[in-house]
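Written below as structure tokens is the structure these notes are about.
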Amino acid sequence: MGKKVYVGLTASQIKWIALLFMTIDHLYMLCAATQMLLRIVPILRLLGRIAAPLFLFLITESAWHTRSKIRFLVRLYLAGVGTGIFTIVTNMLFGHIMIYTPGNIFFTLFYTVTYIYLFEYMLIAIRMYDWKLILKSIIIAGITLLPQVLFYLIDRWNFPGIERDTVVFWRELITTIFPPILHVEYSILFIIMGVGIYFCKNIRQKCFVFILFCGVSFIGALSGGDLYPVNEFMISGQYWMILALPFMYSYNGDRGNQRKLFFYIYYPVHRYLFALTGGLLQGV
């Protein structure tokens, strides 16, 4: 018999599509440096809204199919820490040219998968009437909130006699190691959307949940978008992530050929190179 042919897009193909739109989105850092290209920035940002929900969708699929849940969580966490450390180090080395403090979507994905597994364990515990497992799940959920408490404490502390650059450095380092959940990229609503997508039984239900959250984003934008701590999900134009729907719906369930290490490295490096080049162009 011949090899089975899948209709639609594999996870690998969707990931490359997401990477393309992510790169298009980050091109605004170059275009903003020149007046002639500045007018195309809104188009780039609109198309860039496609990337994040596709990565989120794929991470929920990976959470379902992974062989080791703990290893998967550790890999996402380390990718987030690595991205944060990369930003800190490059700012230390090239801070005289540009200070760059981007978001870190790896922590958004890390918390998404963390709560997916927590809810799974909670549901299993409830079905089994296992109160110890229920209590364990609640304690772990509480632990995930501790970095946010730590962030508030650090944000309110005064550091007399210490230079501002030193304070900023330690604040960035601590929040890189202990990422606060209310300050992840795209907000906690993005995490909730990912959890909702994961627990849907089929692609139509997953797309329906995604459409609902696009609607929430649109309504939030109409209200002005100033809704802490979900501001980033409600900003004007974020609802154009609905453009990711056709790619999501085309998923055929096949993983395809994976290039995990490349994506982990490409994410922080290309953003910094774009920002650095844009900063240099603005200085010319």
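Chains: A, B, ... in order of the structure tokens. Residues: from 1 per chain. Ligands: from 1, in order shown.
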Would you give me, as a Markdown table, each residue of region 226-260 of chain A having an atom within 8 Å of an atom of region 187-195 of chain A, along with its shortest atom pair and that distance in Å to one decimal, using only C-alpha atoms and sorting by chain and residue number?
| residue | atom | partner | partner_atom | distance |
| --- | --- | --- | --- | --- |
| A:Pro229 | CA | A:Ser187 | CA | 6.7 |
| A:Val230 | CA | A:Ser187 | CA | 5.1 |
| A:Asn231 | CA | A:Ser187 | CA | 7.2 |
| A:Glu232 | CA | A:Ser187 | CA | 6.0 |
| A:Phe233 | CA | A:Ser187 | CA | 6.0 |
Same residues, N, CA and C atoms, saved as a PDB file, in the first residue's frame:
ATOM      1  N   PRO A 229      -6.014  43.444  33.743  1.00  0.00           N
ATOM      2  CA  PRO A 229      -4.702  43.130  33.151  1.00  0.00           C
ATOM      3  C   PRO A 229      -4.783  42.498  31.762  1.00  0.00           C
ATOM      4  N   VAL A 230      -5.848  42.774  31.012  1.00  0.00           N
ATOM      5  CA  VAL A 230      -6.003  42.146  29.694  1.00  0.00           C
ATOM      6  C   VAL A 230      -5.908  43.185  28.579  1.00  0.00           C
ATOM      7  N   ASN A 231      -5.226  44.294  28.862  1.00  0.00           N
ATOM      8  CA  ASN A 231      -5.123  45.381  27.881  1.00  0.00           C
ATOM      9  C   ASN A 231      -4.618  44.905  26.538  1.00  0.00           C
ATOM     10  N   GLU A 232      -3.573  44.065  26.568  1.00  0.00           N
ATOM     11  CA  GLU A 232      -2.913  43.670  25.325  1.00  0.00           C
ATOM     12  C   GLU A 232      -3.823  42.834  24.440  1.00  0.00           C
ATOM     13  N   PHE A 233      -4.769  42.131  25.055  1.00  0.00           N
ATOM     14  CA  PHE A 233      -5.715  41.327  24.282  1.00  0.00           C
ATOM     15  C   PHE A 233      -6.802  42.204  23.674  1.00  0.00           C
TER      16      PHE A 233
END
_Need to verify the contact set: Arg156 (chain A), 12 Å, only C-alpha atoms, exclusion of same-chain residues closer than 4 positions in sequence. Can you return it as a ChimeraX atom specification?_
/A:149-152,167,171
*Could you give me, as a PyMOL selection string, the residues within 8 Å of region 100-113 of chain A, counting only C-alpha atoms and dropping anything in the same chain fewer than 5 positions from it?*
chain A and resi 56+59-60+63+73+76-77+79-80+83-84+87+91+179+181+184-188+190-192+194-195+272+275
_Nearest-residue call for Phe247 (chain A), choices A:Ile17, A:Leu38, A:Ile211, A:Ile177, using only C-alpha atoms_ =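 Smallest distance to Phe247 (chain A) is found for A:Ile17.
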*Can you work out the spacing between CA of Met92 (chain A) and CA of Ile154 (chain A) in Å, to one decimal?*
20.9 Å
*Mind checking DSSP for region 139-257 of chain A and telling me the alpha helix (DSSP H) residues as a VMD selection string?*
chain A and resid 139 to 143 146 to 156 164 to 177 187 to 198 203 to 222 231 to 234 245 to 249
